[in-house]
Amino acid sequence: MADKVEFELVSPEKLLKSLPVDMVVVPGAEGDFGVLAGHAPMIATVRPGVIEVYEGDRVVDRVFVAGGFAEVTGTRCTVLAEEAQALSAIDRAAVEKAIKDLSEDLSDAASDADKAAVEAKLAVAQAKLDALATPGAAH
Amino acid sequence: MPNLKDLKNRISSVQSTRKITSAMKMVAASKLRRAQEQAQASGPYAERMGRMLASLAANVQGSGNGPKLMTGTGSDSVHLVVIVSSDRGLCGAFNGSIVREAKRQITRLQGEGKTVKLLTVGRKARDQLRREFGALMVHGYEDVGRRRLSFADADMVSQKVLTMFDAGEFDVCTIIFNKFKSAISQIVTVQQLIPFAVPETDAAPADEVKAVYEFEPDEEQILAELLPRNLSIQVYRALLESAASEQGARMTAMDNATRNAGDMINKLTITYNRTRQAYITKELIEIISGAEAL
């Protein structure tokens, strides 16, 4: 584990993280992928889920992202996130409430466009809840 | 001869005006710093997004059928103009220059026989354009980012633009905003949002241009998601620039007003002193000539 990957997490409002790490696991739209140094260059979409940052073979950081894009080169892994939140900062009760509210909104939504927007939000909230449910999340 | 009491009132009123303008100047200065920091913080995202887009676009352009947001609808008969101004006044020529440029653009487009639609952000542009072009206005946003401009505010505007675009309500979208150059100079910028012009990549390091990316899922799908995102980013950047410019313009305007008030106070004080002396002299003359008459 000599080589490191420069991991960058960027939201539209600021540069959230920029640090060299051993490995990151990114929830890609077509499945999670781990990035080590020397990864083939790739651009992928990111689904709502948890980014895991590895130091050695230990997870040192978990960040929830609500979708976005990832750009990977041999030395760098850049994630453009729409919304990012440290997993430990997520409040389970608030998420559960959001899901309940959104489910109600969904049945009220009149047009297809409204429905799609609410469904997207619901998916993000659901992913948050799933992320909390995974073991090791209490970290 | 002016009345002494009136002069005194005048001086004190100008003094309180000066207090207000200098306070506003300081408030604007601190808001300007915050706005500048925010604009800087959004830099990395925009820059990386641009880089991604450039490499994606290079791949897609070969196949010839990119998404509509990039290639356009094929015609350019309906133009949507987004005008970014401020909600409040007292910021010098900030809103005036935006409105002037907007009017010029509208007249030019109309002269070419195009249909123009307007979307305004900020109360001032709406108010100043309503009389002349009220019929063209689609929607006006107010109080955008009143406390602190967030990405969600920009997203709201760009979603509206996207919905209109998807409904085929316009072909070309441009945004007019004040670009921040320095506290004393803002540049009115006209930027085309749709169809999106791919940024030039000559600034990127050579090894990254050469890197052949894998795409997951394929280029078109990523591009289809990336472009609306990019639109939001462009709008966000424009709003940030405009917010910083507004505070800069206000700071300069208030600085000038404060200085002007100071000059006025000096002049009024001189007049006041002269008048007072003239009164004293007049009274002395009256006493002396009264005594001589005896």
# chains A, B, ... in the order shown; residues from 1 in each chain; ligands from 1
>>> closest_atom_pairs(of="chain B", to="chain A", cutoff="8 Å", atoms="only C-alpha atoms", output="JSON lines")
{"residue": "B:Gln38", "atom": "CA", "partner": "A:Glu13", "partner_atom": "CA", "distance": 7.2}
{"residue": "B:Ala41", "atom": "CA", "partner": "A:Lys14", "partner_atom": "CA", "distance": 4.5}
{"residue": "B:Ser42", "atom": "CA", "partner": "A:Glu13", "partner_atom": "CA", "distance": 5.0}
{"residue": "B:Gly43", "atom": "CA", "partner": "A:Lys14", "partner_atom": "CA", "distance": 7.8}
{"residue": "B:Pro44", "atom": "CA", "partner": "A:Leu15", "partner_atom": "CA", "distance": 6.4}
{"residue": "B:Tyr45", "atom": "CA", "partner": "A:Pro12", "partner_atom": "CA", "distance": 5.5}
{"residue": "B:Ala46", "atom": "CA", "partner": "A:Pro12", "partner_atom": "CA", "distance": 7.4}
{"residue": "B:Arg48", "atom": "CA", "partner": "A:Leu80", "partner_atom": "CA", "distance": 8.0}
{"residue": "B:Met49", "atom": "CA", "partner": "A:Leu80", "partner_atom": "CA", "distance": 7.6}
{"residue": "B:Met52", "atom": "CA", "partner": "A:Glu71", "partner_atom": "CA", "distance": 7.3}
{"residue": "B:Ser150", "atom": "CA", "partner": "A:Glu13", "partner_atom": "CA", "distance": 7.5}
{"residue": "B:Phe151", "atom": "CA", "partner": "A:Glu13", "partner_atom": "CA", "distance": 6.6}
{"residue": "B:Ala211", "atom": "CA", "partner": "A:Pro41", "partner_atom": "CA", "distance": 6.6}
{"residue": "B:Val212", "atom": "CA", "partner": "A:Pro41", "partner_atom": "CA", "distance": 6.5}
{"residue": "B:Tyr213", "atom": "CA", "partner": "A:Met42", "partner_atom": "CA", "distance": 4.6}
{"residue": "B:Glu214", "atom": "CA", "partner": "A:Met42", "partner_atom": "CA", "distance": 4.3}
{"residue": "B:Phe215", "atom": "CA", "partner": "A:Ile43", "partner_atom": "CA", "distance": 5.1}
{"residue": "B:Glu216", "atom": "CA", "partner": "A:Ala44", "partner_atom": "CA", "distance": 4.7}
{"residue": "B:Pro217", "atom": "CA", "partner": "A:Ala44", "partner_atom": "CA", "distance": 6.5}
{"residue": "B:Ile222", "atom": "CA", "partner": "A:Thr45", "partner_atom": "CA", "distance": 6.5}
{"residue": "B:Leu226", "atom": "CA", "partner": "A:Phe69", "partner_atom": "CA", "distance": 8.0}
{"residue": "B:Ile233", "atom": "CA", "partner": "A:Pro12", "partner_atom": "CA", "distance": 7.2}
>>> residues_around(residues="Gly72 in chain B", least_positions_apart="4", cutoff="9 Å", atoms="only C-alpha atoms", output="list in words")
Pro67, Lys68, Asp76, Asp171, Val172, Ile194, Pro195 and Phe196 of chain B
>>> residues_around(residues="Arg76 in chain A", least_positions_apart="5", cutoff="7 Å", atoms="only C-alpha atoms", output="PyMOL selection string")
chain A and resi 5-7
>>> write_last_selection(atoms="C-alpha atoms", output="PDB file, in the first residue's frame")
ATOM      1  CA  VAL A   5      -5.132   8.086  -4.281  1.00  0.00           C
ATOM      2  CA  GLU A   6      -5.907  11.762  -4.047  1.00  0.00           C
ATOM      3  CA  PHE A   7      -9.540  11.730  -2.933  1.00  0.00           C
TER       4      PHE A   7
END
>>> residues_around(residues="Pro48 in chain A", least_positions_apart="5", cutoff="8 Å", atoms="only C-alpha atoms", output="PyMOL selection string")
chain A and resi 27+64-67+123-124+127-128
>>> closest_residue(among="A:Leu36, A:Val95, A:Ala131, A:Ile90", to="Ile51 in chain A", atoms="only C-alpha atoms")
A:Ala131
>>> atom_distance(atom1="CA of Glu292 in chain B", atom2="CA of Tyr279 in chain B")
20.0 Å
>>> residues_around(residues="range 120-136 of chain B", least_positions_apart="4", cutoff="12 Å", atoms="only C-alpha atoms", output="PyMOL selection string")
chain B and resi 78-91+93-104+106-107+110+115-116+140-146+153-154+156-158+160-161+174-177+235-236+238-239+242-243+246
>>> select_by_dssp(residues="chain A", states="strand (DSSP E)", output="CSV table (one decimal) with N, CA and C atoms, in the first residue's frame")
chain,number,residue,atom,x,y,z
A,5,VAL,N,-4.2,7.4,-3.3
A,5,VAL,CA,-5.1,8.1,-4.3
A,5,VAL,C,-5.5,9.4,-3.7
A,6,GLU,N,-5.5,10.4,-4.5
A,6,GLU,CA,-5.9,11.8,-4.0
A,6,GLU,C,-7.4,11.8,-4.1
A,7,PHE,N,-8.1,11.8,-3.0
A,7,PHE,CA,-9.5,11.7,-2.9
A,7,PHE,C,-10.1,13.1,-2.7
A,8,GLU,N,-11.0,13.5,-3.6
A,8,GLU,CA,-11.6,14.9,-3.5
A,8,GLU,C,-13.1,14.7,-3.5
A,9,LEU,N,-13.7,15.3,-2.5
A,9,LEU,CA,-15.2,15.4,-2.4
A,9,LEU,C,-15.6,16.8,-2.6
A,10,VAL,N,-16.4,17.1,-3.6
A,10,VAL,CA,-16.7,18.5,-3.9
A,10,VAL,C,-18.2,18.7,-4.0
A,15,LEU,N,-15.4,22.9,-1.4
A,15,LEU,CA,-14.6,21.7,-1.5
A,15,LEU,C,-14.6,21.1,-0.1
A,16,LEU,N,-15.2,19.9,0.0
A,16,LEU,CA,-15.5,19.3,1.3
A,16,LEU,C,-14.3,18.6,1.8
A,17,LYS,N,-13.7,17.7,1.0
A,17,LYS,CA,-12.5,16.9,1.4
A,17,LYS,C,-11.5,16.9,0.3
A,18,SER,N,-10.3,16.9,0.7
A,18,SER,CA,-9.2,16.7,-0.3
A,18,SER,C,-8.1,16.1,0.5
A,19,LEU,N,-7.9,14.8,0.3
A,19,LEU,CA,-6.8,14.1,1.1
A,19,LEU,C,-6.4,12.9,0.4
A,20,PRO,N,-5.1,12.5,0.7
A,20,PRO,CA,-4.6,11.3,0.1
A,20,PRO,C,-5.1,10.1,0.9
A,21,VAL,N,-5.7,9.1,0.2
A,21,VAL,CA,-6.1,7.9,1.0
A,21,VAL,C,-5.6,6.6,0.3
A,23,MET,N,-7.7,3.8,-0.3
A,23,MET,CA,-8.8,3.4,-1.2
A,23,MET,C,-10.1,4.0,-0.8
A,24,VAL,N,-10.9,4.3,-1.9
A,24,VAL,CA,-12.2,4.8,-1.6
A,24,VAL,C,-13.2,3.8,-2.3
A,25,VAL,N,-14.3,3.6,-1.7
A,25,VAL,CA,-15.4,2.8,-2.4
A,25,VAL,C,-16.5,3.8,-2.7
A,26,VAL,N,-16.8,3.9,-3.9
A,26,VAL,CA,-17.8,4.9,-4.4
A,26,VAL,C,-19.1,4.1,-4.9
A,27,PRO,N,-20.3,4.5,-4.4
A,27,PRO,CA,-21.5,3.8,-4.9
A,27,PRO,C,-21.9,4.3,-6.3
A,28,GLY,N,-21.4,3.6,-7.3
A,28,GLY,CA,-21.7,4.0,-8.7
A,28,GLY,C,-23.1,3.6,-9.1
A,31,GLY,N,-23.3,-0.1,-9.6
A,31,GLY,CA,-22.6,-0.9,-8.7
A,31,GLY,C,-21.5,-0.2,-8.0
A,32,ASP,N,-21.2,-0.6,-6.8
A,32,ASP,CA,-20.1,0.1,-6.0
A,32,ASP,C,-18.8,-0.2,-6.7
A,33,PHE,N,-17.9,0.7,-6.7
A,33,PHE,CA,-16.5,0.4,-7.2
A,33,PHE,C,-15.5,1.0,-6.2
A,34,GLY,N,-14.4,0.2,-6.0
A,34,GLY,CA,-13.3,0.7,-5.2
A,34,GLY,C,-12.3,1.3,-6.1
A,35,VAL,N,-11.7,2.4,-5.6
A,35,VAL,CA,-10.6,3.0,-6.4
A,35,VAL,C,-9.3,2.9,-5.6
A,42,MET,N,-11.8,6.9,-15.5
A,42,MET,CA,-13.2,6.5,-15.7
A,42,MET,C,-14.1,7.7,-15.2
A,43,ILE,N,-15.3,7.8,-15.9
A,43,ILE,CA,-16.2,8.8,-15.4
A,43,ILE,C,-17.5,8.0,-15.1
A,44,ALA,N,-18.1,8.2,-14.0
A,44,ALA,CA,-19.3,7.4,-13.7
A,44,ALA,C,-20.3,8.3,-12.9
A,45,THR,N,-21.6,7.9,-13.0
A,45,THR,CA,-22.6,8.6,-12.2
A,45,THR,C,-22.6,7.9,-10.9
A,46,VAL,N,-23.0,8.6,-9.8
A,46,VAL,CA,-23.1,8.1,-8.5
A,46,VAL,C,-24.5,8.1,-8.0
A,47,ARG,N,-24.9,7.0,-7.4
A,47,ARG,CA,-26.3,6.9,-6.9
A,47,ARG,C,-26.2,7.3,-5.4
A,48,PRO,N,-27.4,7.6,-4.8
A,48,PRO,CA,-27.4,8.0,-3.4
A,48,PRO,C,-26.8,6.8,-2.6
A,49,GLY,N,-25.9,7.1,-1.8
A,49,GLY,CA,-25.3,6.0,-1.0
A,49,GLY,C,-24.1,6.5,-0.2
A,50,VAL,N,-23.3,5.6,0.3
A,50,VAL,CA,-22.2,5.9,1.2
A,50,VAL,C,-20.9,5.7,0.5
A,51,ILE,N,-20.0,6.8,0.6
A,51,ILE,CA,-18.6,6.7,0.2
A,51,ILE,C,-17.8,6.2,1.4
A,52,GLU,N,-17.0,5.2,1.2
A,52,GLU,CA,-16.2,4.7,2.3
A,52,GLU,C,-14.7,5.0,2.0
A,53,VAL,N,-14.1,5.6,2.9
A,53,VAL,CA,-12.7,6.0,2.8
A,53,VAL,C,-11.8,5.0,3.6
A,54,TYR,N,-10.9,4.3,2.9
A,54,TYR,CA,-10.1,3.3,3.6
A,54,TYR,C,-8.7,3.9,3.8
A,55,GLU,N,-8.2,3.6,5.0
A,55,GLU,CA,-6.8,3.9,5.4
A,55,GLU,C,-6.2,2.5,5.7
A,58,ARG,N,-8.8,-0.5,6.9
A,58,ARG,CA,-9.8,0.0,7.8
A,58,ARG,C,-10.5,1.2,7.3
A,59,VAL,N,-11.8,1.2,7.5
A,59,VAL,CA,-12.7,2.3,7.1
A,59,VAL,C,-12.4,3.5,8.1
A,60,VAL,N,-12.0,4.6,7.6
A,60,VAL,CA,-11.8,5.7,8.5
A,60,VAL,C,-12.9,6.8,8.4
A,61,ASP,N,-13.6,6.7,7.3
A,61,ASP,CA,-14.6,7.8,7.1
A,61,ASP,C,-15.7,7.3,6.2
A,62,ARG,N,-16.9,7.6,6.6
A,62,ARG,CA,-18.1,7.3,5.8
A,62,ARG,C,-18.9,8.6,5.5
A,63,VAL,N,-19.1,8.8,4.3
A,63,VAL,CA,-19.8,10.1,3.9
A,63,VAL,C,-21.0,9.7,3.0
A,64,PHE,N,-22.2,10.2,3.4
A,64,PHE,CA,-23.4,9.9,2.6
A,64,PHE,C,-23.4,11.0,1.5
A,65,VAL,N,-23.6,10.5,0.2
A,65,VAL,CA,-23.8,11.5,-0.9
A,65,VAL,C,-25.2,11.2,-1.5
A,66,ALA,N,-25.8,12.3,-1.9
A,66,ALA,CA,-27.1,12.1,-2.6
A,66,ALA,C,-27.0,12.2,-4.1
A,67,GLY,N,-26.1,11.3,-4.6
A,67,GLY,CA,-25.9,11.3,-6.0
A,67,GLY,C,-24.9,12.3,-6.5
A,68,GLY,N,-24.5,12.1,-7.8
A,68,GLY,CA,-23.5,13.0,-8.4
A,68,GLY,C,-22.7,12.3,-9.4
A,69,PHE,N,-21.5,12.7,-9.5
A,69,PHE,CA,-20.6,12.2,-10.5
A,69,PHE,C,-19.2,11.9,-10.0
A,70,ALA,N,-18.6,10.9,-10.5
A,70,ALA,CA,-17.2,10.6,-10.1
A,70,ALA,C,-16.3,10.6,-11.3
A,71,GLU,N,-15.1,11.2,-11.1
A,71,GLU,CA,-14.1,11.1,-12.1
A,71,GLU,C,-12.9,10.5,-11.5
A,72,VAL,N,-12.4,9.4,-12.2
A,72,VAL,CA,-11.3,8.7,-11.6
A,72,VAL,C,-10.1,8.7,-12.6
A,76,ARG,N,-6.1,10.1,-9.0
A,76,ARG,CA,-7.0,11.0,-8.4
A,76,ARG,C,-8.4,10.4,-8.4
A,77,CYS,N,-9.2,10.7,-7.4
A,77,CYS,CA,-10.6,10.3,-7.5
A,77,CYS,C,-11.5,11.5,-7.0
A,78,THR,N,-12.2,12.1,-8.0
A,78,THR,CA,-13.0,13.3,-7.6
A,78,THR,C,-14.4,12.9,-7.6
A,79,VAL,N,-15.1,13.2,-6.6
A,79,VAL,CA,-16.6,13.0,-6.5
A,79,VAL,C,-17.3,14.3,-6.5
A,80,LEU,N,-18.1,14.6,-7.5
A,80,LEU,CA,-18.9,15.8,-7.5
A,80,LEU,C,-20.3,15.4,-6.9
A,81,ALA,N,-20.5,15.8,-5.6
A,81,ALA,CA,-21.7,15.4,-5.0
A,81,ALA,C,-22.7,16.5,-5.0
A,84,ALA,N,-23.8,16.2,0.4
A,84,ALA,CA,-22.9,15.3,1.2
A,84,ALA,C,-23.1,15.5,2.7
A,85,GLN,N,-23.0,14.5,3.4
A,85,GLN,CA,-23.2,14.6,4.9
A,85,GLN,C,-22.4,13.4,5.5
A,86,ALA,N,-21.7,13.7,6.6
A,86,ALA,CA,-21.0,12.7,7.3
A,86,ALA,C,-22.1,11.7,7.8
>>> closest_residue(among="B:His139, B:Arg259, B:Lys114, B:Arg148", to="Arg18 in chain B", atoms="only C-alpha atoms")
B:Arg259
